Structure formats: structure tokens, C-alpha cells
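Novice: To be precise about what I am sending: the file is called coords_28.txt and holds compact mmCIF, N, CA and C atoms and all ligand atoms.
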```txt
# COMPACT_ATOMS: atom_id res chain seq x y z
N MET A 1 0.85 -1.19 0.00
CA MET A 1 0.00 0.00 0.00
C MET A 1 0.89 1.25 0.00
N ASN A 2 0.47 2.28 -0.73
CA ASN A 2 1.32 3.46 -0.83
C ASN A 2 1.43 4.22 0.49
N ASN A 3 2.44 5.09 0.58
CA ASN A 3 2.74 5.81 1.82
C ASN A 3 1.60 6.68 2.31
N LYS A 4 0.95 7.34 1.38
CA LYS A 4 -0.10 8.28 1.74
C LYS A 4 -1.24 7.56 2.47
N LEU A 5 -1.68 6.45 1.90
CA LEU A 5 -2.78 5.70 2.51
C LEU A 5 -2.33 5.03 3.82
N THR A 6 -1.09 4.56 3.83
CA THR A 6 -0.54 3.94 5.03
C THR A 6 -0.51 4.93 6.20
N GLU A 7 0.00 6.15 5.90
CA GLU A 7 0.07 7.19 6.93
C GLU A 7 -1.31 7.61 7.41
N LYS A 8 -2.26 7.57 6.49
CA LYS A 8 -3.63 7.93 6.84
C LYS A 8 -4.19 6.95 7.89
N LEU A 9 -3.96 5.67 7.67
CA LEU A 9 -4.43 4.66 8.62
C LEU A 9 -3.68 4.77 9.96
N PHE A 10 -2.37 4.98 9.88
CA PHE A 10 -1.57 5.12 11.11
C PHE A 10 -2.03 6.34 11.91
N ALA A 11 -2.34 7.44 11.21
CA ALA A 11 -2.73 8.67 11.89
C ALA A 11 -4.13 8.56 12.50
N GLU A 12 -5.01 7.85 11.81
CA GLU A 12 -6.38 7.77 12.30
C GLU A 12 -6.54 6.73 13.43
N PHE A 13 -5.69 5.71 13.42
CA PHE A 13 -5.78 4.65 14.44
C PHE A 13 -4.42 4.42 15.10
N PRO A 14 -3.91 5.46 15.79
CA PRO A 14 -2.56 5.35 16.36
C PRO A 14 -2.41 4.23 17.38
N GLU A 15 -3.48 3.97 18.14
CA GLU A 15 -3.41 2.92 19.16
C GLU A 15 -3.34 1.53 18.52
N LEU A 16 -4.23 1.28 17.58
CA LEU A 16 -4.30 -0.04 16.93
C LEU A 16 -2.98 -0.37 16.22
N TYR A 17 -2.36 0.67 15.63
CA TYR A 17 -1.13 0.43 14.86
C TYR A 17 0.12 0.92 15.61
N ARG A 18 0.07 0.94 16.93
CA ARG A 18 1.20 1.45 17.70
C ARG A 18 2.44 0.55 17.57
N GLY A 19 2.24 -0.68 17.10
CA GLY A 19 3.38 -1.60 16.91
C GLY A 19 4.31 -1.18 15.80
N ARG A 20 3.91 -0.17 15.01
CA ARG A 20 4.74 0.27 13.88
C ARG A 20 6.11 0.80 14.31
N SER A 21 6.20 1.24 15.59
CA SER A 21 7.48 1.77 16.07
C SER A 21 8.30 0.70 16.80
N GLU A 22 7.78 -0.52 16.85
CA GLU A 22 8.51 -1.61 17.51
C GLU A 22 9.45 -2.29 16.53
N PRO A 23 10.50 -2.95 17.04
CA PRO A 23 11.40 -3.68 16.13
C PRO A 23 10.68 -4.83 15.42
N ILE A 24 11.17 -5.18 14.25
CA ILE A 24 10.48 -6.20 13.45
C ILE A 24 10.50 -7.59 14.08
N THR A 25 11.34 -7.76 15.08
CA THR A 25 11.31 -9.04 15.80
C THR A 25 10.07 -9.13 16.69
N GLU A 26 9.47 -7.95 17.00
CA GLU A 26 8.29 -7.91 17.87
C GLU A 26 7.00 -7.72 17.09
N ASN A 27 7.09 -6.90 16.05
CA ASN A 27 5.88 -6.47 15.37
C ASN A 27 6.23 -6.11 13.92
N LEU A 28 5.36 -6.50 12.97
CA LEU A 28 5.70 -6.29 11.56
C LEU A 28 5.00 -5.08 10.93
N MET A 29 4.39 -4.24 11.77
CA MET A 29 3.68 -3.09 11.21
C MET A 29 4.60 -2.00 10.67
N SER A 30 5.89 -2.04 11.02
CA SER A 30 6.80 -1.05 10.45
C SER A 30 6.93 -1.23 8.94
N PHE A 31 6.56 -2.40 8.44
CA PHE A 31 6.53 -2.63 6.99
C PHE A 31 5.30 -1.98 6.35
N GLY A 32 4.38 -1.51 7.17
CA GLY A 32 3.13 -0.96 6.66
C GLY A 32 2.15 -2.09 6.34
N PHE A 33 1.30 -1.84 5.35
CA PHE A 33 0.29 -2.82 4.97
C PHE A 33 0.77 -3.54 3.72
N SER A 34 1.09 -4.82 3.86
CA SER A 34 1.67 -5.57 2.74
C SER A 34 0.58 -6.09 1.81
N CYS A 35 -0.11 -5.14 1.20
CA CYS A 35 -1.16 -5.46 0.23
C CYS A 35 -1.36 -4.24 -0.66
N GLY A 36 -2.22 -4.37 -1.66
CA GLY A 36 -2.44 -3.29 -2.61
C GLY A 36 -3.34 -2.18 -2.07
N ASP A 37 -3.35 -1.04 -2.77
CA ASP A 37 -4.14 0.12 -2.37
C ASP A 37 -5.65 -0.13 -2.42
N GLY A 38 -6.06 -1.09 -3.23
CA GLY A 38 -7.48 -1.38 -3.41
C GLY A 38 -8.18 -1.84 -2.14
N TRP A 39 -7.42 -2.27 -1.19
CA TRP A 39 -8.02 -2.75 0.06
C TRP A 39 -8.02 -1.70 1.16
N PHE A 40 -7.68 -0.47 0.82
CA PHE A 40 -7.65 0.59 1.83
C PHE A 40 -8.98 0.71 2.58
N SER A 41 -10.07 0.80 1.82
CA SER A 41 -11.39 0.99 2.44
C SER A 41 -11.76 -0.18 3.34
N LEU A 42 -11.42 -1.37 2.87
CA LEU A 42 -11.70 -2.59 3.64
C LEU A 42 -10.95 -2.56 4.98
N ILE A 43 -9.68 -2.19 4.92
CA ILE A 43 -8.85 -2.14 6.14
C ILE A 43 -9.30 -0.99 7.05
N HIS A 44 -9.69 0.12 6.42
CA HIS A 44 -10.18 1.26 7.19
C HIS A 44 -11.44 0.87 7.96
N GLU A 45 -12.36 0.24 7.27
CA GLU A 45 -13.62 -0.18 7.87
C GLU A 45 -13.37 -1.18 9.02
N LEU A 46 -12.46 -2.09 8.79
CA LEU A 46 -12.11 -3.08 9.82
C LEU A 46 -11.49 -2.38 11.04
N SER A 47 -10.64 -1.40 10.79
CA SER A 47 -10.00 -0.66 11.88
C SER A 47 -11.03 0.09 12.72
N VAL A 48 -12.02 0.66 12.04
CA VAL A 48 -13.10 1.38 12.73
C VAL A 48 -13.86 0.40 13.64
N LYS A 49 -14.21 -0.75 13.10
CA LYS A 49 -14.98 -1.74 13.86
C LYS A 49 -14.20 -2.25 15.08
N ILE A 50 -12.92 -2.55 14.87
CA ILE A 50 -12.08 -3.06 15.96
C ILE A 50 -11.95 -2.00 17.06
N THR A 51 -11.68 -0.75 16.64
CA THR A 51 -11.49 0.34 17.60
C THR A 51 -12.76 0.61 18.42
N LYS A 52 -13.89 0.65 17.74
CA LYS A 52 -15.17 0.92 18.40
C LYS A 52 -15.49 -0.19 19.42
N HIS A 53 -15.37 -1.42 18.97
CA HIS A 53 -15.66 -2.56 19.84
C HIS A 53 -14.69 -2.59 21.04
N SER A 54 -13.43 -2.32 20.79
CA SER A 54 -12.42 -2.37 21.84
C SER A 54 -12.69 -1.33 22.92
N LYS A 55 -13.13 -0.15 22.49
CA LYS A 55 -13.46 0.91 23.45
C LYS A 55 -14.60 0.45 24.35
N GLU A 56 -15.62 -0.14 23.74
CA GLU A 56 -16.79 -0.60 24.49
C GLU A 56 -16.41 -1.68 25.50
N LYS A 57 -15.46 -2.54 25.10
CA LYS A 57 -15.09 -3.68 25.95
C LYS A 57 -13.87 -3.42 26.83
N GLY A 58 -13.27 -2.23 26.70
CA GLY A 58 -12.08 -1.93 27.48
C GLY A 58 -10.85 -2.70 27.03
N LEU A 59 -10.82 -3.09 25.76
CA LEU A 59 -9.65 -3.80 25.22
C LEU A 59 -8.70 -2.80 24.57
N ASN A 60 -7.46 -3.21 24.41
CA ASN A 60 -6.50 -2.35 23.72
C ASN A 60 -5.65 -3.19 22.76
N PRO A 61 -6.31 -3.73 21.71
CA PRO A 61 -5.60 -4.64 20.81
C PRO A 61 -4.57 -3.92 19.95
N LYS A 62 -3.65 -4.69 19.41
CA LYS A 62 -2.57 -4.15 18.59
C LYS A 62 -2.41 -5.01 17.35
N ALA A 63 -2.37 -4.34 16.20
CA ALA A 63 -2.15 -5.08 14.95
C ALA A 63 -0.70 -5.56 14.91
N LYS A 64 -0.52 -6.82 14.56
CA LYS A 64 0.83 -7.40 14.50
C LYS A 64 1.37 -7.40 13.08
N GLN A 65 0.47 -7.72 12.15
CA GLN A 65 0.86 -7.80 10.75
C GLN A 65 -0.40 -7.75 9.88
N VAL A 66 -0.31 -7.01 8.77
CA VAL A 66 -1.42 -6.96 7.82
C VAL A 66 -0.84 -7.24 6.45
N LYS A 67 -1.34 -8.29 5.80
CA LYS A 67 -0.77 -8.64 4.50
C LYS A 67 -1.76 -9.42 3.63
N GLN A 68 -1.36 -9.58 2.40
CA GLN A 68 -2.12 -10.41 1.48
C GLN A 68 -1.50 -11.80 1.47
N LYS A 69 -2.34 -12.81 1.61
CA LYS A 69 -1.84 -14.18 1.49
C LYS A 69 -2.87 -15.02 0.74
N MET A 70 -2.41 -15.73 -0.26
CA MET A 70 -3.29 -16.57 -1.07
C MET A 70 -4.52 -15.81 -1.58
N GLY A 71 -4.31 -14.54 -1.92
CA GLY A 71 -5.39 -13.73 -2.49
C GLY A 71 -6.30 -13.07 -1.48
N GLY A 72 -6.07 -13.33 -0.18
CA GLY A 72 -6.97 -12.78 0.83
C GLY A 72 -6.25 -11.88 1.83
N LEU A 73 -7.02 -11.04 2.50
CA LEU A 73 -6.46 -10.15 3.52
C LEU A 73 -6.25 -10.91 4.83
N ARG A 74 -5.03 -10.87 5.33
CA ARG A 74 -4.75 -11.45 6.65
C ARG A 74 -4.43 -10.32 7.60
N PHE A 75 -5.24 -10.21 8.63
CA PHE A 75 -5.08 -9.16 9.62
C PHE A 75 -4.80 -9.82 10.96
N TYR A 76 -3.53 -9.78 11.38
CA TYR A 76 -3.15 -10.43 12.64
C TYR A 76 -3.18 -9.43 13.77
N LEU A 77 -3.96 -9.78 14.79
CA LEU A 77 -4.21 -8.87 15.90
C LEU A 77 -3.88 -9.58 17.20
N GLU A 78 -3.27 -8.86 18.14
CA GLU A 78 -3.12 -9.44 19.47
C GLU A 78 -3.87 -8.59 20.48
N GLY A 79 -4.39 -9.23 21.49
CA GLY A 79 -5.12 -8.50 22.52
C GLY A 79 -6.59 -8.25 22.19
N GLY A 80 -7.09 -8.93 21.17
CA GLY A 80 -8.50 -8.79 20.82
C GLY A 80 -9.34 -9.85 21.54
N ASP A 81 -10.55 -10.07 21.05
CA ASP A 81 -11.40 -11.12 21.60
C ASP A 81 -12.08 -11.87 20.46
N THR A 82 -13.05 -12.72 20.78
CA THR A 82 -13.69 -13.51 19.72
C THR A 82 -14.41 -12.63 18.70
N THR A 83 -14.89 -11.47 19.18
CA THR A 83 -15.59 -10.56 18.26
C THR A 83 -14.61 -9.93 17.26
N THR A 84 -13.45 -9.50 17.75
CA THR A 84 -12.48 -8.91 16.80
C THR A 84 -11.94 -9.99 15.86
N ASP A 85 -11.83 -11.23 16.36
CA ASP A 85 -11.45 -12.35 15.48
C ASP A 85 -12.45 -12.50 14.34
N LEU A 86 -13.72 -12.36 14.72
CA LEU A 86 -14.79 -12.48 13.74
C LEU A 86 -14.72 -11.35 12.71
N PHE A 87 -14.45 -10.12 13.19
CA PHE A 87 -14.31 -8.98 12.27
C PHE A 87 -13.20 -9.26 11.25
N CYS A 88 -12.07 -9.80 11.74
CA CYS A 88 -10.93 -10.07 10.84
C CYS A 88 -11.29 -11.17 9.84
N ALA A 89 -12.02 -12.17 10.30
CA ALA A 89 -12.43 -13.27 9.42
C ALA A 89 -13.40 -12.77 8.34
N GLU A 90 -14.30 -11.87 8.75
CA GLU A 90 -15.27 -11.29 7.80
C GLU A 90 -14.55 -10.47 6.74
N ALA A 91 -13.56 -9.69 7.19
CA ALA A 91 -12.81 -8.84 6.25
C ALA A 91 -12.02 -9.72 5.28
N GLU A 92 -11.48 -10.83 5.76
CA GLU A 92 -10.76 -11.75 4.88
C GLU A 92 -11.70 -12.30 3.81
N LYS A 93 -12.89 -12.71 4.23
CA LYS A 93 -13.87 -13.25 3.30
C LYS A 93 -14.24 -12.20 2.25
N CYS A 94 -14.44 -10.98 2.71
CA CYS A 94 -14.82 -9.86 1.86
C CYS A 94 -13.71 -9.52 0.86
N SER A 95 -12.44 -9.68 1.28
CA SER A 95 -11.31 -9.31 0.43
C SER A 95 -11.26 -10.13 -0.87
N PHE A 96 -11.86 -11.31 -0.85
CA PHE A 96 -11.88 -12.15 -2.06
C PHE A 96 -12.86 -11.64 -3.12
N THR A 97 -13.57 -10.53 -2.81
CA THR A 97 -14.50 -9.95 -3.79
C THR A 97 -14.06 -8.55 -4.21
N ILE A 98 -12.91 -8.08 -3.67
CA ILE A 98 -12.44 -6.71 -3.96
C ILE A 98 -11.06 -6.75 -4.60
N CYS A 99 -10.92 -6.08 -5.75
CA CYS A 99 -9.62 -6.03 -6.43
C CYS A 99 -8.58 -5.40 -5.50
N GLU A 100 -7.50 -6.10 -5.27
CA GLU A 100 -6.47 -5.62 -4.34
C GLU A 100 -5.77 -4.37 -4.88
N ASP A 101 -5.75 -4.21 -6.19
CA ASP A 101 -5.02 -3.09 -6.79
C ASP A 101 -5.85 -1.81 -6.90
N CYS A 102 -7.14 -1.93 -7.26
CA CYS A 102 -7.92 -0.70 -7.51
C CYS A 102 -9.20 -0.58 -6.70
N GLY A 103 -9.61 -1.64 -6.01
CA GLY A 103 -10.80 -1.55 -5.18
C GLY A 103 -12.11 -1.85 -5.88
N ALA A 104 -12.04 -2.11 -7.20
CA ALA A 104 -13.26 -2.48 -7.93
C ALA A 104 -13.66 -3.90 -7.54
N SER A 105 -14.82 -4.33 -8.02
CA SER A 105 -15.24 -5.68 -7.70
C SER A 105 -14.32 -6.67 -8.41
N GLY A 106 -13.83 -7.64 -7.69
CA GLY A 106 -12.87 -8.58 -8.27
C GLY A 106 -13.11 -9.99 -7.83
N LYS A 107 -12.29 -10.89 -8.31
CA LYS A 107 -12.35 -12.26 -7.83
C LYS A 107 -10.96 -12.89 -7.80
N LYS A 108 -10.87 -14.00 -7.11
CA LYS A 108 -9.59 -14.64 -6.92
C LYS A 108 -9.06 -15.18 -8.25
N GLN A 109 -7.81 -14.84 -8.56
CA GLN A 109 -7.19 -15.27 -9.81
C GLN A 109 -5.91 -16.02 -9.46
N ALA A 110 -5.68 -17.11 -10.15
CA ALA A 110 -4.42 -17.84 -9.94
C ALA A 110 -3.68 -17.87 -11.27
N ILE A 111 -2.57 -17.10 -11.32
CA ILE A 111 -1.82 -16.99 -12.57
C ILE A 111 -0.33 -17.13 -12.29
N ALA A 112 0.32 -17.95 -13.06
CA ALA A 112 1.78 -18.10 -13.00
C ALA A 112 2.28 -18.28 -11.57
N GLY A 113 1.57 -19.05 -10.80
CA GLY A 113 2.02 -19.35 -9.45
C GLY A 113 1.62 -18.32 -8.41
N PHE A 114 0.98 -17.21 -8.86
CA PHE A 114 0.54 -16.19 -7.92
C PHE A 114 -0.96 -16.26 -7.76
N THR A 115 -1.42 -16.07 -6.54
CA THR A 115 -2.85 -15.99 -6.31
C THR A 115 -3.15 -14.60 -5.79
N GLN A 116 -4.03 -13.91 -6.48
CA GLN A 116 -4.38 -12.55 -6.10
C GLN A 116 -5.84 -12.28 -6.45
N THR A 117 -6.48 -11.43 -5.68
CA THR A 117 -7.84 -11.05 -6.02
C THR A 117 -7.79 -9.76 -6.83
N LEU A 118 -8.25 -9.85 -8.07
CA LEU A 118 -8.15 -8.72 -8.99
C LEU A 118 -9.42 -8.58 -9.82
N CYS A 119 -9.64 -7.35 -10.35
CA CYS A 119 -10.71 -7.16 -11.31
C CYS A 119 -10.15 -7.53 -12.68
N LYS A 120 -11.02 -7.59 -13.67
CA LYS A 120 -10.60 -8.02 -15.00
C LYS A 120 -9.54 -7.09 -15.60
N LYS A 121 -9.79 -5.77 -15.42
CA LYS A 121 -8.89 -4.77 -15.98
C LYS A 121 -7.47 -4.88 -15.40
N CYS A 122 -7.38 -4.98 -14.09
CA CYS A 122 -6.07 -5.07 -13.44
C CYS A 122 -5.38 -6.39 -13.78
N LEU A 123 -6.18 -7.43 -13.90
CA LEU A 123 -5.61 -8.73 -14.25
C LEU A 123 -4.96 -8.65 -15.62
N GLU A 124 -5.67 -8.04 -16.58
CA GLU A 124 -5.14 -7.91 -17.95
C GLU A 124 -3.91 -7.02 -17.99
N GLY A 125 -3.95 -5.93 -17.23
CA GLY A 125 -2.83 -5.00 -17.20
C GLY A 125 -1.59 -5.62 -16.59
N LYS A 126 -1.80 -6.41 -15.59
CA LYS A 126 -0.71 -6.98 -14.84
C LYS A 126 -0.06 -8.18 -15.54
N TYR A 127 -0.86 -9.03 -16.06
CA TYR A 127 -0.34 -10.28 -16.61
C TYR A 127 -0.48 -10.39 -18.12
N ASN A 128 -0.98 -9.29 -18.72
CA ASN A 128 -1.13 -9.27 -20.17
C ASN A 128 -1.84 -10.52 -20.69
N THR A 129 -3.00 -10.80 -20.12
CA THR A 129 -3.72 -12.03 -20.47
C THR A 129 -4.66 -11.84 -21.66
N LYS A 130 -4.71 -10.62 -22.22
CA LYS A 130 -5.60 -10.33 -23.35
C LYS A 130 -5.33 -11.20 -24.54
ZN ZN B 1 -8.62 -3.63 -10.34
```
Have the structure of the file written as C-alpha cells, please.

Specialist:
Amino acid sequence: MNNKLTEKLFAEFPELYRGRSEPITENLMSFGFSCGDGWFSLIHELSVKITKHSKEKGLNPKAKQVKQKMGGLRFYLEGGDTTTDLFCAEAEKCSFTICEDCGASGKKQAIAGFTQTLCKKCLEGKYNTK
């Protein structure tokens, strides 16, 4: 994800992403969000839900790592509860319908050993499948 969007998430949810200043042996958020810009809204929405729920429950969870794996969003959180686990699982499920590169409606594509969720346009641009 580009710097501008990354900084936006860090600035809006400083508590959730406080691990960004920790060494990489402790926390991988200093790498930012290891996925495409198309998932910004999805991650933003998930951050809002986690933060709101945590305030209500008196929790103070911390994101450990956020990345794309096998075409889906993986959001690793510590200090959450079963509800935040559910939010992360829902976002992962949702990520398989959103193009990781542009945010349009997409689907899981497996090409040349890579699995990514992309829309038709991004798939063609990226892998020249036309
Ligand atoms: Zn796209």
C-alpha cells in the first residue's frame, strides 16, 4: 500500500497500529500494509470496527501484521477477543471480492504461481492475459 494511505491509517488509528514503532522481531507493522491500495477501504472499515468494539469492551488490541496471502487479507491482531477475530475473518472473506489493486469488484485469480484477487482490468494490465 502506498505511503499516503498507510500514513492515513496510522494517523487515524494510532493505538491499533502502535506496533509500527517496535522492532520487526516484535511487530511487523513497520513494513506498513503488505497489500495493494485497493483494500484501503476494507482495512479502514475493519480498523473502525475493531477500535469501536475495543473501546466498548475496554480492550487495547494491537495489529501485528497486515498482508495479502493466497489472495486474501490477513489481519493479525493481538489482545482482541472472539468478536475482533470475527471482524478479521469477515474482512478476509470480503477481500476475495475486492480487487487488491484498484478496489473495484474482483475475484480470486491464480496466474503463474501467484494468487491474487483482482478485477478483470487489473488482471489484464498486470499479466497481459488479453
Ligand atoms: Zn482492479

Novice: Quick one: pull the distance between atom N of Gln68 in chain A and CA of Ser34 in chain A, Å, one decimal.

Specialist: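 A separation of 5.0 Å between them.
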
Novice: Residues at most 8 Å from ligand ZN 1 (chain B), using only C-alpha atoms and all ligand atoms? Could they come as a list in words?

Specialist: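 With only C-alpha atoms and all ligand atoms and a cut-off of 8 Å, ligand ZN 1 (chain B) is contacted by Gly38, Cys99, Glu100, Asp101, Cys102, Gly103, Ala104, Ser105, Gly106, Leu118, Cys119, Lys120, Lys121, Cys122 and Leu123 of chain A.
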
Novice: Using only C-alpha atoms for the distances, tell me which of A:Leu77, A:Ala89, A:Ala112, A:Cys94 is nearest to Lys64 in chain A.

Specialist: A:Leu77

Novice: Could you give me, as a PyMOL selection string, the residues within 6.5 Å of Asn60 in chain A, counting only N, CA and C atoms and dropping anything in the same chain fewer than 6 positions from it?

Specialist: chain A and resi 54+78-80

Novice: Provide the CA of Ser95 in chain A to CA of Gln116 in chain A distance in Å, to one decimal place.

Specialist: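 Taking CA of Ser95 in chain A as the start and CA of Gln116 in chain A as the end point, the length is 10.1 Å.
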
Novice: Env of Ile43 in chain A: 8 Å cut, atoms = all atoms listed in the file, seq-sep filter 5 positions within chain, self excluded. Answer as a list of chain:residue names.

Specialist: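 Counting all atoms listed in the file, the residues come to A:Leu9, A:Gly38, A:Val48, A:Lys49, A:Ala91.
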
Novice: Mind checking which residues fall within 8 Å of range 3-5 of chain A, counting all atoms listed in the file, ignoring those fewer than 4 positions away in the same chain, and posting them as an mmCIF file with N, CA and C atoms, keeping the file's coordinate frame?

Specialist:
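Now in out-v4.cif:
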```cif
data_model
loop_
_atom_site.group_PDB
_atom_site.id
_atom_site.type_symbol
_atom_site.label_atom_id
_atom_site.label_comp_id
_atom_site.auth_asym_id
_atom_site.auth_seq_id
_atom_site.Cartn_x
_atom_site.Cartn_y
_atom_site.Cartn_z
ATOM 1 N N LEU A 9 -3.960 5.670 7.670
ATOM 2 C CA LEU A 9 -4.430 4.660 8.620
ATOM 3 C C LEU A 9 -3.680 4.770 9.960
ATOM 4 N N PHE A 10 -2.370 4.980 9.880
ATOM 5 C CA PHE A 10 -1.570 5.120 11.110
ATOM 6 C C PHE A 10 -2.030 6.340 11.910
ATOM 7 N N ALA A 11 -2.340 7.440 11.210
ATOM 8 C CA ALA A 11 -2.730 8.670 11.890
ATOM 9 C C ALA A 11 -4.130 8.560 12.500
ATOM 10 N N PHE A 33 1.300 -1.840 5.350
ATOM 11 C CA PHE A 33 0.290 -2.820 4.970
ATOM 12 C C PHE A 33 0.770 -3.540 3.720
ATOM 13 N N ASP A 37 -3.350 -1.040 -2.770
ATOM 14 C CA ASP A 37 -4.140 0.120 -2.370
ATOM 15 C C ASP A 37 -5.650 -0.130 -2.420
ATOM 16 N N PHE A 40 -7.680 -0.470 0.820
ATOM 17 C CA PHE A 40 -7.650 0.590 1.830
ATOM 18 C C PHE A 40 -8.980 0.710 2.580
#
```

Novice: Report the distance between CA of Glu7 in chain A and CA of Phe114 in chain A in Å, rounded to one decimal place.

Specialist: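 A separation of 27.7 Å between them.
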
Novice: Please, what is the axis-aligned box for every listed atom of range 21-28 of chain A with 3 Å on each side, as centre and edge lengths in Å to one decimal, as JSON?

Specialist:
```
{"center_x": 8.2, "center_y": -3.7, "center_z": 14.4, "size_x": 12.4, "size_y": 16.9, "size_z": 12.9}
```

Novice: Using only C-alpha atoms, pick whichever of A:Lys57, A:Ser41, A:Lys107, A:Phe31 has the shortest atom-to-atom distance to Thr82 in chain A.

Specialist: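 For Thr82 in chain A, the nearest of the candidates is A:Lys57.
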
Novice: May I have all residues of chain A that DSSP, computed from the backbone, assigns to alpha helix (DSSP H), given as a count of residues only?

Specialist: 50

Novice: I'd like the neighbourhood of Glu22 in chain A as a list of chain:residue names, where a residue qualifies if any of its atoms comes within 12 Å (using only C-alpha atoms), though same-chain residues fewer than 6 positions away should be ignored.

Specialist: A:Leu28, A:Met29, A:Ser30, A:Phe31, A:Lys62, A:Ala63, A:Lys64, A:Gln65

Novice: Generate a file of the selected residues that holds N, CA and C atoms, formatted as a tab-separated table (two decimals), in the frame of the given file.

Specialist:
```tsv
chain	number	residue	atom	x	y	z
A	28	LEU	N	5.36	-6.50	12.97
A	28	LEU	CA	5.70	-6.29	11.56
A	28	LEU	C	5.00	-5.08	10.93
A	29	MET	N	4.39	-4.24	11.77
A	29	MET	CA	3.68	-3.09	11.21
A	29	MET	C	4.60	-2.00	10.67
A	30	SER	N	5.89	-2.04	11.02
A	30	SER	CA	6.80	-1.05	10.45
A	30	SER	C	6.93	-1.23	8.94
A	31	PHE	N	6.56	-2.40	8.44
A	31	PHE	CA	6.53	-2.63	6.99
A	31	PHE	C	5.30	-1.98	6.35
A	62	LYS	N	-3.65	-4.69	19.41
A	62	LYS	CA	-2.57	-4.15	18.59
A	62	LYS	C	-2.41	-5.01	17.35
A	63	ALA	N	-2.37	-4.34	16.20
A	63	ALA	CA	-2.15	-5.08	14.95
A	63	ALA	C	-0.70	-5.56	14.91
A	64	LYS	N	-0.52	-6.82	14.56
A	64	LYS	CA	0.83	-7.40	14.50
A	64	LYS	C	1.37	-7.40	13.08
A	65	GLN	N	0.47	-7.72	12.15
A	65	GLN	CA	0.86	-7.80	10.75
A	65	GLN	C	-0.40	-7.75	9.88
```
